[in-house]
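To be precise, the following lines are query-v9.txt, and they hold compact mmCIF, C-alpha atoms.
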# COMPACT_ATOMS: atom_id res chain seq x y z
CA MET A 473 -16.66 16.97 45.28
CA SER A 474 -19.60 18.20 43.28
CA SER A 475 -20.20 16.68 39.90
CA GLN A 476 -22.31 17.87 36.99
CA PRO A 477 -25.45 15.85 36.31
CA GLU A 478 -24.17 14.85 32.89
CA ASN A 479 -21.21 13.05 34.38
CA ASP A 480 -22.95 11.24 37.18
CA TRP A 481 -21.50 8.03 35.79
CA ILE A 482 -18.32 9.07 37.53
CA ASP A 483 -20.16 8.89 40.83
CA LEU A 484 -21.69 5.61 39.80
CA LEU A 485 -18.22 4.19 39.19
CA ARG A 486 -16.66 5.73 42.30
CA ASP A 487 -19.38 4.35 44.54
CA SER A 488 -19.00 0.82 43.30
CA ARG A 489 -15.24 0.69 42.70
CA ASP A 490 -14.72 -2.47 44.74
CA GLU A 491 -17.41 -4.33 42.84
CA VAL A 492 -16.74 -3.09 39.34
CA ILE A 493 -12.99 -3.81 39.16
CA PRO A 494 -13.24 -7.54 39.99
CA ALA A 495 -16.28 -7.97 37.73
CA TRP A 496 -14.53 -6.15 34.88
CA THR A 497 -11.40 -8.24 35.38
CA SER A 498 -13.29 -11.52 35.32
CA VAL A 499 -15.12 -10.65 32.09
CA VAL A 500 -11.82 -9.81 30.38
CA GLU A 501 -10.12 -12.86 31.84
CA ALA A 502 -12.81 -15.15 30.47
CA THR A 503 -12.14 -13.88 26.92
CA LEU A 504 -8.37 -14.06 27.10
CA ALA A 505 -8.48 -17.67 28.31
CA GLY A 506 -5.43 -17.63 30.54
CA ARG A 507 -3.14 -15.71 28.25
CA MET A 508 -2.59 -13.08 30.91
CA THR A 509 -2.35 -13.51 34.66
CA THR A 510 -5.11 -12.19 36.88
CA SER A 511 -2.75 -9.82 38.67
CA GLU A 512 -1.53 -8.30 35.39
CA LEU A 513 -5.10 -7.80 34.26
CA THR A 514 -6.23 -6.38 37.60
CA ASN A 515 -3.37 -3.90 37.45
CA ASP A 516 -4.24 -2.77 33.92
CA ILE A 517 -7.89 -2.46 34.77
CA ARG A 518 -7.35 -0.66 38.05
CA GLU A 519 -5.22 1.93 36.26
CA ILE A 520 -7.86 2.48 33.58
CA PHE A 521 -10.55 2.69 36.22
CA ASP A 522 -8.65 5.34 38.14
CA GLY A 523 -8.05 7.20 34.90
CA LEU A 524 -11.76 7.13 34.18
CA THR A 525 -12.75 8.47 37.55
CA ALA A 526 -9.96 11.07 37.52
CA GLY A 527 -12.14 13.28 35.35
CA ASP A 528 -13.15 16.51 37.02
CA GLY A 529 -16.78 15.92 36.17
CA ARG A 530 -16.88 18.39 33.31
CA GLY A 531 -17.52 17.31 29.73
CA SER A 532 -17.65 13.79 28.43
CA ASP A 533 -15.11 14.25 25.64
CA ILE A 534 -12.25 11.79 25.95
CA ARG A 535 -9.98 14.34 24.27
CA ALA A 536 -10.40 16.73 27.20
CA ALA A 537 -7.27 17.58 29.16
CA ALA A 538 -8.62 15.82 32.24
CA TYR A 539 -8.33 12.53 30.39
CA ASP A 540 -4.75 12.96 29.18
CA GLY A 541 -3.56 10.28 31.56
CA LEU A 542 -6.38 7.93 30.60
CA ARG A 543 -5.69 8.34 26.88
CA ALA A 544 -2.01 7.62 27.37
CA LEU A 545 -2.88 4.51 29.38
CA VAL A 546 -5.36 3.24 26.82
CA ALA A 547 -3.01 3.97 23.91
CA ASP A 548 -0.30 2.04 25.70
CA LEU A 549 -2.72 -0.85 26.27
CA GLY A 550 -3.66 -0.89 22.58
CA ARG A 551 -0.01 -0.98 21.52
CA THR A 552 0.87 -3.70 24.03
CA ARG A 553 -2.06 -5.87 22.97
CA ALA A 554 -1.10 -5.48 19.31
CA ARG A 555 2.51 -6.47 19.99
CA GLN A 556 1.45 -9.43 22.11
CA GLY A 557 -0.50 -10.68 19.12
CA PHE A 558 -3.97 -10.38 20.61
CA SER A 559 -6.86 -10.33 18.14
CA PRO A 560 -8.87 -7.11 17.66
CA THR A 561 -11.74 -8.56 19.69
CA GLU A 562 -9.44 -9.60 22.51
CA ALA A 563 -7.94 -6.13 22.59
CA ALA A 564 -11.28 -4.34 22.47
CA VAL A 565 -12.84 -6.46 25.19
CA SER A 566 -10.46 -5.00 27.79
CA ILE A 567 -12.34 -1.72 27.47
CA PHE A 568 -15.83 -2.79 26.52
CA ALA A 569 -16.05 -5.33 29.33
CA LEU A 570 -16.54 -2.39 31.68
CA LYS A 571 -20.05 -2.03 30.30
CA THR A 572 -20.85 -5.65 30.98
CA ALA A 573 -19.51 -5.36 34.49
CA VAL A 574 -21.47 -2.22 35.34
CA LEU A 575 -24.64 -3.54 33.73
CA GLU A 576 -24.48 -6.71 35.81
CA LEU A 577 -24.19 -4.56 38.87
CA LEU A 578 -27.19 -2.44 37.93
CA GLU A 579 -29.39 -5.41 37.24
CA ASN A 580 -29.59 -6.00 40.98
CA ARG A 581 -30.86 -2.48 41.58
CA ALA A 582 -34.05 -0.82 40.42
CA ASP A 583 -32.48 2.57 39.98
CA LEU A 584 -33.57 4.60 36.97
CA ALA A 585 -31.02 7.37 37.55
CA ALA A 586 -28.25 4.80 37.58
CA TYR A 587 -29.41 3.47 34.22
CA GLN A 588 -29.32 6.98 32.79
CA ALA A 589 -25.82 7.37 34.11
CA PHE A 590 -24.96 4.05 32.51
CA ALA A 591 -26.16 5.27 29.12
CA LYS A 592 -23.70 8.15 29.32
CA LEU A 593 -20.94 5.90 30.56
CA SER A 594 -21.66 3.60 27.65
CA ARG A 595 -21.10 6.39 25.16
CA PHE A 596 -17.87 7.39 26.84
CA VAL A 597 -16.61 3.82 26.89
CA ASP A 598 -17.42 3.48 23.18
CA ASP A 599 -15.27 6.52 22.43
CA LEU A 600 -12.53 5.13 24.60
CA GLY A 601 -12.72 1.75 22.87
CA LEU A 602 -12.45 3.37 19.47
CA TYR A 603 -9.48 5.40 20.65
CA MET A 604 -7.75 2.26 21.84
CA PHE A 605 -8.55 0.61 18.57
CA GLU A 606 -6.83 3.35 16.63
CA THR A 607 -3.62 2.85 18.54
CA TYR A 608 -4.00 -0.92 18.22
CA ALA A 609 -4.32 -0.64 14.44
CA SER A 610 -1.43 1.77 14.04
CA ALA A 611 0.78 -0.45 16.21
CA ARG A 612 -0.14 -3.40 13.99
CA GLU A 613 0.77 -1.38 10.92
CA THR A 614 4.12 -0.52 12.45
CA VAL A 615 4.76 -4.20 13.12
CA ILE A 616 3.88 -5.07 9.51
CA ALA A 617 6.11 -2.30 8.14
CA GLN A 618 8.99 -3.54 10.30
CA GLN A 619 8.48 -7.09 9.13
CA ALA A 620 8.42 -6.00 5.49
CA GLU A 621 11.68 -4.17 6.08
CA SER A 622 13.38 -7.07 7.78
CA LEU A 623 12.16 -9.38 5.03
CA LEU A 624 13.79 -7.07 2.53
CA GLU A 625 17.12 -7.53 4.28
CA LEU A 626 16.66 -11.22 4.92
CA SER A 627 16.06 -11.98 1.33
CA THR A 628 19.35 -10.80 -0.10
CA PRO A 629 22.24 -12.86 1.17
CA VAL A 630 25.18 -12.78 -1.20
CA VAL A 631 27.28 -15.87 -0.52
CA LYS A 632 30.87 -16.54 -1.49
CA LEU A 633 31.20 -19.92 -3.20
CA TRP A 634 34.88 -19.79 -4.04
CA ASP A 635 37.63 -17.26 -4.42
CA GLY A 636 36.28 -14.85 -7.02
CA ILE A 637 32.85 -16.48 -7.25
CA VAL A 638 29.80 -15.15 -5.42
CA ALA A 639 26.23 -16.37 -5.62
CA LEU A 640 22.94 -14.59 -5.08
CA PRO A 641 20.05 -16.95 -4.42
CA LEU A 642 16.81 -15.12 -5.19
CA VAL A 643 13.65 -16.21 -3.41
CA GLY A 644 10.06 -15.08 -3.78
CA THR A 645 8.90 -12.09 -5.63
CA LEU A 646 11.02 -9.42 -7.26
CA ASP A 647 9.26 -6.09 -7.07
CA SER A 648 11.04 -2.81 -7.66
CA ALA A 649 11.96 -2.18 -4.02
CA ARG A 650 13.44 -5.63 -3.51
CA THR A 651 15.26 -5.65 -6.81
CA GLN A 652 16.95 -2.41 -5.86
CA VAL A 653 18.19 -3.96 -2.62
CA VAL A 654 19.25 -7.16 -4.37
CA MET A 655 21.13 -5.29 -7.06
CA GLU A 656 22.97 -3.10 -4.56
CA ALA A 657 23.86 -6.10 -2.40
CA LEU A 658 25.28 -8.00 -5.35
CA LEU A 659 27.27 -5.10 -6.80
CA GLN A 660 28.66 -4.24 -3.37
CA ALA A 661 29.66 -7.87 -2.79
CA LEU A 662 31.40 -7.95 -6.17
CA VAL A 663 33.45 -4.91 -5.23
CA ASP A 664 34.15 -6.06 -1.65
CA THR A 665 35.32 -9.53 -2.61
CA GLY A 666 36.91 -8.54 -5.90
CA SER A 667 35.00 -11.35 -7.54
CA GLU A 668 34.86 -11.74 -11.29
CA HIS A 669 32.01 -14.21 -11.38
CA ALA A 670 28.51 -13.89 -9.98
CA ILE A 671 25.83 -16.56 -10.09
CA ILE A 672 22.25 -15.37 -9.81
CA ASP A 673 20.10 -18.32 -8.84
CA ILE A 674 16.38 -17.97 -9.52
CA THR A 675 15.23 -21.40 -8.33
CA GLY A 676 13.11 -19.71 -5.66
CA VAL A 677 11.47 -17.19 -7.98
CA ALA A 678 7.90 -18.27 -8.66
CA ALA A 679 7.36 -16.48 -11.96
CA VAL A 680 9.63 -14.66 -14.37
CA ASP A 681 7.65 -11.96 -16.13
CA THR A 682 9.05 -9.10 -18.21
CA GLN A 683 9.65 -6.93 -15.17
CA VAL A 684 11.68 -9.59 -13.39
CA ALA A 685 13.58 -10.29 -16.61
CA GLN A 686 14.30 -6.63 -17.11
CA HIS A 687 15.62 -6.32 -13.56
CA LEU A 688 17.83 -9.36 -14.12
CA LEU A 689 19.19 -7.98 -17.39
CA LYS A 690 19.96 -4.62 -15.78
CA THR A 691 21.73 -6.26 -12.87
CA VAL A 692 23.86 -8.31 -15.25
CA GLN A 693 24.75 -5.19 -17.24
CA ALA A 694 25.70 -3.29 -14.10
CA ALA A 695 27.87 -6.20 -12.96
CA ARG A 696 29.60 -6.16 -16.34
CA LEU A 697 30.51 -2.53 -15.83
CA LEU A 698 32.30 -3.65 -12.69
CA GLY A 699 34.17 -6.22 -14.71
CA ALA A 700 32.23 -9.23 -13.48
CA GLU A 701 30.40 -11.87 -15.52
CA CYS A 702 27.02 -13.15 -14.34
CA ILE A 703 25.55 -16.58 -14.83
CA VAL A 704 21.82 -17.04 -14.28
CA SER A 705 21.01 -20.44 -12.83
CA GLY A 706 18.03 -22.34 -11.48
CA ILE A 707 15.86 -21.94 -14.55
CA ARG A 708 13.16 -24.58 -14.28
CA PRO A 709 11.63 -26.12 -17.42
CA GLN A 710 8.26 -24.39 -17.03
CA ILE A 711 10.01 -21.04 -16.52
CA ALA A 712 12.13 -21.63 -19.63
CA GLN A 713 9.03 -22.30 -21.76
CA THR A 714 7.26 -19.25 -20.37
CA VAL A 715 10.23 -16.99 -21.00
CA VAL A 716 10.47 -18.22 -24.59
CA ALA A 717 6.73 -17.70 -25.18
CA LEU A 718 6.95 -14.22 -23.73
CA GLY A 719 9.72 -13.46 -26.20
CA ILE A 720 12.34 -12.43 -23.66
CA GLU A 721 15.89 -12.62 -25.04
CA PHE A 722 18.65 -13.31 -22.58
CA GLY A 723 21.17 -12.54 -25.30
CA ASP A 724 24.73 -13.48 -24.50
CA ILE A 725 24.04 -14.04 -20.81
CA HIS A 726 25.00 -17.50 -19.72
CA THR A 727 22.19 -19.51 -18.19
CA LYS A 728 22.28 -22.90 -16.51
CA ALA A 729 19.61 -25.24 -15.17
CA SER A 730 21.23 -25.73 -11.79
CA LEU A 731 23.47 -23.88 -9.40
CA SER A 732 26.09 -26.63 -9.52
CA ASP A 733 26.35 -26.38 -13.32
CA ALA A 734 26.77 -22.63 -12.98
CA MET A 735 29.42 -23.09 -10.30
CA LEU A 736 31.36 -25.49 -12.51
CA LEU A 737 31.20 -23.02 -15.40
CA ALA A 738 32.41 -20.18 -13.21
CA MET A 739 35.31 -22.31 -11.92
CA ARG A 740 36.36 -23.32 -15.42
CA ARG A 741 36.29 -19.71 -16.46
CA SER A 742 38.57 -18.80 -13.57
CA GLY A 743 40.99 -21.47 -14.74
CA LEU A 744 40.08 -24.10 -12.18
CA ASP A 745 39.02 -27.66 -12.80
CA VAL A 746 37.40 -30.21 -10.60
CA VAL A 747 39.06 -33.61 -10.96
CA SER A 748 38.44 -36.83 -9.14
CA ARG A 749 41.31 -38.06 -6.95
CA ALA A 750 41.45 -41.60 -8.20
CA MET B 1454 -19.30 -22.00 -28.01
CA THR B 1455 -20.96 -22.68 -24.70
CA THR B 1456 -19.10 -21.12 -21.88
CA SER B 1457 -20.51 -21.20 -18.40
CA PRO B 1458 -18.93 -20.20 -15.14
CA SER B 1459 -18.85 -23.20 -12.84
CA GLU B 1460 -17.49 -21.74 -9.65
CA ALA B 1461 -17.48 -18.53 -7.70
CA SER B 1462 -15.13 -15.86 -8.95
CA THR B 1463 -12.62 -13.89 -6.94
CA VAL B 1464 -12.19 -10.17 -7.39
CA ILE B 1465 -8.89 -8.60 -6.42
CA GLU B 1466 -8.32 -4.87 -6.33
CA VAL B 1467 -5.09 -3.84 -8.03
CA ARG B 1468 -3.86 -0.68 -6.33
CA ALA B 1469 -0.28 -1.41 -5.26
CA ASP B 1470 2.70 -3.62 -6.03
CA SER B 1471 1.65 -6.08 -3.34
CA ASP B 1472 -1.69 -6.55 -5.11
CA VAL B 1473 0.17 -7.89 -8.16
CA VAL B 1474 1.53 -10.61 -5.90
CA ARG B 1475 -1.99 -11.35 -4.63
CA VAL B 1476 -3.30 -11.64 -8.17
CA ARG B 1477 -0.50 -14.04 -8.96
CA GLN B 1478 -1.22 -16.21 -5.93
CA SER B 1479 -4.94 -16.26 -6.60
CA VAL B 1480 -4.47 -17.18 -10.27
CA ARG B 1481 -2.09 -19.96 -9.25
CA ASP B 1482 -4.71 -21.34 -6.83
CA PHE B 1483 -7.39 -21.31 -9.54
CA ALA B 1484 -5.03 -22.86 -12.10
CA MET B 1485 -4.24 -25.66 -9.67
CA ALA B 1486 -7.94 -26.17 -8.95
CA ALA B 1487 -8.61 -26.40 -12.70
CA LYS B 1488 -5.79 -28.97 -12.88
CA LEU B 1489 -3.76 -27.11 -15.49
CA SER B 1490 -0.33 -28.61 -16.17
CA LEU B 1491 2.66 -27.07 -14.42
CA VAL B 1492 3.80 -25.34 -17.60
CA ASP B 1493 0.32 -23.95 -18.28
CA GLN B 1494 0.02 -22.84 -14.66
CA THR B 1495 3.29 -20.96 -14.94
CA LYS B 1496 2.29 -19.42 -18.27
CA LEU B 1497 -1.05 -18.24 -16.95
CA VAL B 1498 0.45 -16.91 -13.72
CA THR B 1499 3.12 -15.03 -15.69
CA ALA B 1500 0.50 -13.60 -18.06
CA ALA B 1501 -1.65 -12.50 -15.12
CA SER B 1502 1.36 -10.95 -13.43
CA GLU B 1503 2.15 -9.04 -16.60
CA LEU B 1504 -1.38 -7.72 -17.05
CA ALA B 1505 -1.83 -6.91 -13.37
CA ARG B 1506 1.27 -4.75 -13.54
CA ASN B 1507 -0.03 -3.06 -16.70
CA THR B 1508 -3.32 -2.38 -14.92
CA LEU B 1509 -1.38 -0.79 -12.09
CA VAL B 1510 1.26 1.13 -14.04
CA TYR B 1511 -0.61 2.21 -17.18
CA GLY B 1512 -4.24 1.96 -16.06
CA GLY B 1513 -3.70 3.69 -12.74
CA GLY B 1514 -5.15 0.73 -10.84
CA GLY B 1515 -8.23 -1.38 -11.35
CA GLU B 1516 -9.37 -4.88 -10.58
CA ALA B 1517 -8.76 -8.47 -11.56
CA ARG B 1518 -11.50 -11.09 -11.66
CA VAL B 1519 -10.50 -14.76 -11.62
CA ARG B 1520 -12.84 -17.68 -12.23
CA ILE B 1521 -12.99 -21.21 -13.52
CA LEU B 1522 -14.78 -21.79 -16.82
CA GLU B 1523 -16.20 -24.95 -18.31
CA ARG B 1524 -16.47 -25.47 -22.07
CA THR B 1525 -17.77 -28.75 -23.41
CA GLY B 1526 -16.35 -30.62 -20.50
CA VAL B 1527 -12.98 -28.86 -20.50
CA ALA B 1528 -12.04 -26.66 -17.60
CA GLY B 1529 -10.20 -23.41 -18.00
CA VAL B 1530 -9.25 -20.38 -15.95
CA GLU B 1531 -10.33 -16.92 -16.99
CA VAL B 1532 -8.79 -13.72 -15.66
CA VAL B 1533 -10.33 -10.37 -16.53
CA PHE B 1534 -8.46 -7.14 -15.86
CA ALA B 1535 -10.37 -3.88 -15.95
CA ASP B 1536 -9.21 -0.35 -15.31
CA GLU B 1537 -10.57 3.10 -15.91
CA GLY B 1538 -7.29 4.57 -17.03
CA PRO B 1539 -6.42 6.42 -20.24
CA GLY B 1540 -7.00 3.37 -22.46
CA ILE B 1541 -4.74 2.31 -25.33
CA PRO B 1542 -4.88 4.70 -28.33
CA ASP B 1543 -3.25 2.35 -30.84
CA VAL B 1544 -3.93 -1.30 -30.10
CA ASP B 1545 -1.92 -2.70 -33.03
CA LEU B 1546 1.12 -0.73 -31.97
CA ALA B 1547 0.71 -1.79 -28.33
CA LEU B 1548 0.62 -5.43 -29.43
CA THR B 1549 3.88 -5.11 -31.35
CA ASP B 1550 6.90 -6.87 -29.86
CA GLY B 1551 9.36 -4.43 -28.41
CA TRP B 1552 7.15 -1.37 -28.37
CA THR B 1553 6.70 0.27 -24.99
CA SER B 1554 5.20 3.54 -23.82
CA GLY B 1555 6.77 3.09 -20.39
CA GLY B 1556 10.30 1.84 -19.95
CA GLY B 1557 9.73 -1.87 -20.06
CA LEU B 1558 10.88 -4.51 -22.48
CA GLY B 1559 7.79 -4.00 -24.64
CA LEU B 1560 6.82 -7.63 -24.42
CA GLY B 1561 4.07 -7.43 -21.83
CA LEU B 1562 0.98 -7.35 -24.03
CA SER B 1563 2.33 -9.15 -27.07
CA GLY B 1564 4.06 -11.81 -24.97
CA THR B 1565 0.99 -12.32 -22.83
CA ARG B 1566 -1.06 -13.06 -25.92
CA ARG B 1567 1.35 -15.88 -26.76
CA LEU B 1568 1.12 -17.29 -23.23
CA VAL B 1569 -2.63 -17.85 -23.17
CA ASP B 1570 -5.27 -19.55 -25.35
CA ASP B 1571 -7.87 -16.78 -25.53
CA PHE B 1572 -7.00 -13.11 -25.46
CA GLU B 1573 -9.58 -10.34 -25.74
CA LEU B 1574 -8.66 -6.69 -25.58
CA ASP B 1575 -11.34 -4.06 -25.29
CA THR B 1576 -10.12 -0.50 -25.05
CA ALA B 1577 -10.53 3.02 -26.36
CA ALA B 1578 -8.59 6.18 -25.67
CA GLY B 1579 -9.98 7.77 -22.52
CA GLU B 1580 -12.32 4.89 -21.74
CA GLY B 1581 -10.18 2.46 -19.80
CA THR B 1582 -9.03 -1.00 -20.73
CA ARG B 1583 -10.52 -4.44 -20.28
CA ILE B 1584 -8.47 -7.51 -21.04
CA SER B 1585 -9.74 -11.04 -20.70
CA ILE B 1586 -7.44 -14.06 -20.90
CA VAL B 1587 -8.27 -17.76 -20.72
CA LYS B 1588 -6.08 -20.83 -20.43
CA TRP B 1589 -7.82 -24.15 -21.11
CA ARG B 1590 -6.82 -27.50 -19.73
CA ARG B 1591 -5.23 -29.71 -22.33

What does this structure look like when you write it as structure tokens?
Amino acid sequence: MSSQPENDWIDLLRDSRDEVIPAWTSVVEATLAGRMTTSELTNDIREIFDGLTAGDGRGSDIRAAAYDGLRALVADLGRTRARQGFSPTEAAVSIFALKTAVLELLENRADLAAYQAFAKLSRFVDDLGLYMFETYASARETVIAQQAESLLELSTPVVKLWDGIVALPLVGTLDSARTQVVMEALLQALVDTGSEHAIIDITGVAAVDTQVAQHLLKTVQAARLLGAECIVSGIRPQIAQTVVALGIEFGDIHTKASLSDAMLLAMRRSGLDVVSRA
Amino acid sequence: MTTSPSEASTVIEVRADSDVVRVRQSVRDFAMAAKLSLVDQTKLVTAASELARNTLVYGGGGEARVRILERTGVAGVEVVFADEGPGIPDVDLALTDGWTSGGGLGLGLSGTRRLVDDFELDTAAGEGTRISIVKWRR
């Protein structure tokens, strides 16, 4: 096979396949400190190596059709590394270690042409590394987006406390997206269970500013339209003082310091009483 | 009044809803470091949350700068919000309880002023808004 002078790094790699792959593997292995087995790594690296040398010797653009397979491989590697929780450096080293491996090899030879080939290889590997990094970053973003979504669901459990009494413990921060989910969950639960009392517990809410208060007031109003009364509980002393200083009026909405007080109020309103057996 | 910054300040970009949360967390950290009481911490955090949201919603995004101040031996936390948005045309109106240009409760600015010790508002129509709040340790 004849190769163009500009891609003589392909020959360089082909000629020293049996030396480069183990050297490459050991450099990567040293960085990952036993988090992947040698055979897994060798497999990954052998595939990338074959992808690299699969080029037809024309052009050094990694976006060329000849490197379709290589790009797919590297993209897959980036995604896998991101999902396995490897750091950016640990992910990047899988590609960049090739340079270290080849350079070590060349140090034992006094071959100027080989060094020139290495310079070109180096540029190609840089491009490849950046390409892998793109897929690594986008995979990370996907993971974060998924987590944000699952957090959104996690954070809105509506629990039934008694016949006709449901509670919604709010935790964390109430931005617009979450409030929407919370409100829908509560209203749906009110309809599904036919409850007439809902307790919104804000013990886990760090700060009640006007936006949070407004969301709460709207939720209470919407619940009223469904024929249910809301009690807001879990108001800590420092939150109470802040709300007063802010000038927020809770109007005729019942508020209680603790969830148990709110529960007792809701039970009384439904005509139940808690009495001791003695 | 001798006011000197005693520690490094933190600058937080306010560009999205999640940044409001970051401002809140950072202000809470500073308030704890300045040993503000729990009530004062909550008040300052709530005020910062309010202003950060204003910066985002009305100012079109900007930044928040948090730092610890020292005045005659008393520590305090200062938060400065700056944006390059449309500014506030009528400051007196904006500071009136219940008035809103958005769809809020209209208590953000006026309520915030009641939550903190020092409140400075520097704005002009078309020239952005800069609000500085300070809560001193009692």

Taking only C-alpha atoms into account, name the residue in B:Leu1568, B:Leu1509, B:Ala1578, B:Ile1586 that is nearest to Asp1493 in chain B. B:Leu1568

Report as a PDB file with C-alpha atoms, in the frame of the given file all protein, DNA and RNA residues lying within 12 Å of Ser1502 in chain B, evaluated on all atoms listed in the file, omitting residues in the same chain fewer than 6 positions from it.
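Output (selection32.pdb):
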ATOM      1  CA  THR A 645       8.900 -12.090  -5.630  1.00  0.00           C
ATOM      2  CA  LEU A 646      11.020  -9.420  -7.260  1.00  0.00           C
ATOM      3  CA  ASP A 647       9.260  -6.090  -7.070  1.00  0.00           C
ATOM      4  CA  ALA A 678       7.900 -18.270  -8.660  1.00  0.00           C
ATOM      5  CA  ALA A 679       7.360 -16.480 -11.960  1.00  0.00           C
ATOM      6  CA  VAL A 680       9.630 -14.660 -14.370  1.00  0.00           C
ATOM      7  CA  ASP A 681       7.650 -11.960 -16.130  1.00  0.00           C
ATOM      8  CA  THR A 682       9.050  -9.100 -18.210  1.00  0.00           C
ATOM      9  CA  GLN A 683       9.650  -6.930 -15.170  1.00  0.00           C
ATOM     10  CA  VAL A 684      11.680  -9.590 -13.390  1.00  0.00           C
TER      11      VAL A 684
ATOM     12  CA  VAL B1467      -5.090  -3.840  -8.030  1.00  0.00           C
ATOM     13  CA  ASP B1470       2.700  -3.620  -6.030  1.00  0.00           C
ATOM     14  CA  SER B1471       1.650  -6.080  -3.340  1.00  0.00           C
ATOM     15  CA  ASP B1472      -1.690  -6.550  -5.110  1.00  0.00           C
ATOM     16  CA  VAL B1473       0.170  -7.890  -8.160  1.00  0.00           C
ATOM     17  CA  VAL B1474       1.530 -10.610  -5.900  1.00  0.00           C
ATOM     18  CA  ARG B1475      -1.990 -11.350  -4.630  1.00  0.00           C
ATOM     19  CA  VAL B1476      -3.300 -11.640  -8.170  1.00  0.00           C
ATOM     20  CA  ARG B1477      -0.500 -14.040  -8.960  1.00  0.00           C
ATOM     21  CA  GLN B1478      -1.220 -16.210  -5.930  1.00  0.00           C
ATOM     22  CA  SER B1479      -4.940 -16.260  -6.600  1.00  0.00           C
ATOM     23  CA  VAL B1480      -4.470 -17.180 -10.270  1.00  0.00           C
ATOM     24  CA  ARG B1481      -2.090 -19.960  -9.250  1.00  0.00           C
ATOM     25  CA  THR B1495       3.290 -20.960 -14.940  1.00  0.00           C
ATOM     26  CA  LYS B1496       2.290 -19.420 -18.270  1.00  0.00           C
ATOM     27  CA  THR B1508      -3.320  -2.380 -14.920  1.00  0.00           C
ATOM     28  CA  LEU B1509      -1.380  -0.790 -12.090  1.00  0.00           C
ATOM     29  CA  ALA B1517      -8.760  -8.470 -11.560  1.00  0.00           C
ATOM     30  CA  VAL B1532      -8.790 -13.720 -15.660  1.00  0.00           C
ATOM     31  CA  PHE B1534      -8.460  -7.140 -15.860  1.00  0.00           C
ATOM     32  CA  GLY B1561       4.070  -7.430 -21.830  1.00  0.00           C
ATOM     33  CA  LEU B1562       0.980  -7.350 -24.030  1.00  0.00           C
ATOM     34  CA  GLY B1564       4.060 -11.810 -24.970  1.00  0.00           C
ATOM     35  CA  THR B1565       0.990 -12.320 -22.830  1.00  0.00           C
ATOM     36  CA  LEU B1568       1.120 -17.290 -23.230  1.00  0.00           C
ATOM     37  CA  ILE B1586      -7.440 -14.060 -20.900  1.00  0.00           C
TER      38      ILE B1586
END

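Ranking B:Val1492, B:Val1464, B:Ile1584, B:Met1485 by their shortest atom-to-atom distance to chain A, with all atoms listed in the file included, puts B:Val1492 first.
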
Using only C-alpha atoms, find the one residue out of B:Leu1574, B:Ala1535, B:Leu1522, B:Ala1486 that sits nearest to Ala1547 in chain B. B:Leu1574

Which residue of A:Leu513, A:Leu504, A:Ile493, A:Ile711 approaches Gln1494 in chain B most closely, using all atoms listed in the file: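 Among A:Leu513, A:Leu504, A:Ile493, A:Ile711, it is A:Ile711 that comes nearest to Gln1494 in chain B.
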
I need the contact residues of chain A against chain B, so if you could list those with any atom within 12 Å, counting all atoms listed in the file, and return them as number ranges by chain, that would help. A: 620, 644-650, 677-690, 708-722

Would you write out those residues with C-alpha atoms, as an mmCIF file, in the frame of the given file?
data_model
loop_
_atom_site.group_PDB
_atom_site.id
_atom_site.type_symbol
_atom_site.label_atom_id
_atom_site.label_comp_id
_atom_site.auth_asym_id
_atom_site.auth_seq_id
_atom_site.Cartn_x
_atom_site.Cartn_y
_atom_site.Cartn_z
ATOM 1 C CA ALA A 620 8.420 -6.000 5.490
ATOM 2 C CA GLY A 644 10.060 -15.080 -3.780
ATOM 3 C CA THR A 645 8.900 -12.090 -5.630
ATOM 4 C CA LEU A 646 11.020 -9.420 -7.260
ATOM 5 C CA ASP A 647 9.260 -6.090 -7.070
ATOM 6 C CA SER A 648 11.040 -2.810 -7.660
ATOM 7 C CA ALA A 649 11.960 -2.180 -4.020
ATOM 8 C CA ARG A 650 13.440 -5.630 -3.510
ATOM 9 C CA VAL A 677 11.470 -17.190 -7.980
ATOM 10 C CA ALA A 678 7.900 -18.270 -8.660
ATOM 11 C CA ALA A 679 7.360 -16.480 -11.960
ATOM 12 C CA VAL A 680 9.630 -14.660 -14.370
ATOM 13 C CA ASP A 681 7.650 -11.960 -16.130
ATOM 14 C CA THR A 682 9.050 -9.100 -18.210
ATOM 15 C CA GLN A 683 9.650 -6.930 -15.170
ATOM 16 C CA VAL A 684 11.680 -9.590 -13.390
ATOM 17 C CA ALA A 685 13.580 -10.290 -16.610
ATOM 18 C CA GLN A 686 14.300 -6.630 -17.110
ATOM 19 C CA HIS A 687 15.620 -6.320 -13.560
ATOM 20 C CA LEU A 688 17.830 -9.360 -14.120
ATOM 21 C CA LEU A 689 19.190 -7.980 -17.390
ATOM 22 C CA LYS A 690 19.960 -4.620 -15.780
ATOM 23 C CA ARG A 708 13.160 -24.580 -14.280
ATOM 24 C CA PRO A 709 11.630 -26.120 -17.420
ATOM 25 C CA GLN A 710 8.260 -24.390 -17.030
ATOM 26 C CA ILE A 711 10.010 -21.040 -16.520
ATOM 27 C CA ALA A 712 12.130 -21.630 -19.630
ATOM 28 C CA GLN A 713 9.030 -22.300 -21.760
ATOM 29 C CA THR A 714 7.260 -19.250 -20.370
ATOM 30 C CA VAL A 715 10.230 -16.990 -21.000
ATOM 31 C CA VAL A 716 10.470 -18.220 -24.590
ATOM 32 C CA ALA A 717 6.730 -17.700 -25.180
ATOM 33 C CA LEU A 718 6.950 -14.220 -23.730
ATOM 34 C CA GLY A 719 9.720 -13.460 -26.200
ATOM 35 C CA ILE A 720 12.340 -12.430 -23.660
ATOM 36 C CA GLU A 721 15.890 -12.620 -25.040
ATOM 37 C CA PHE A 722 18.650 -13.310 -22.580
#
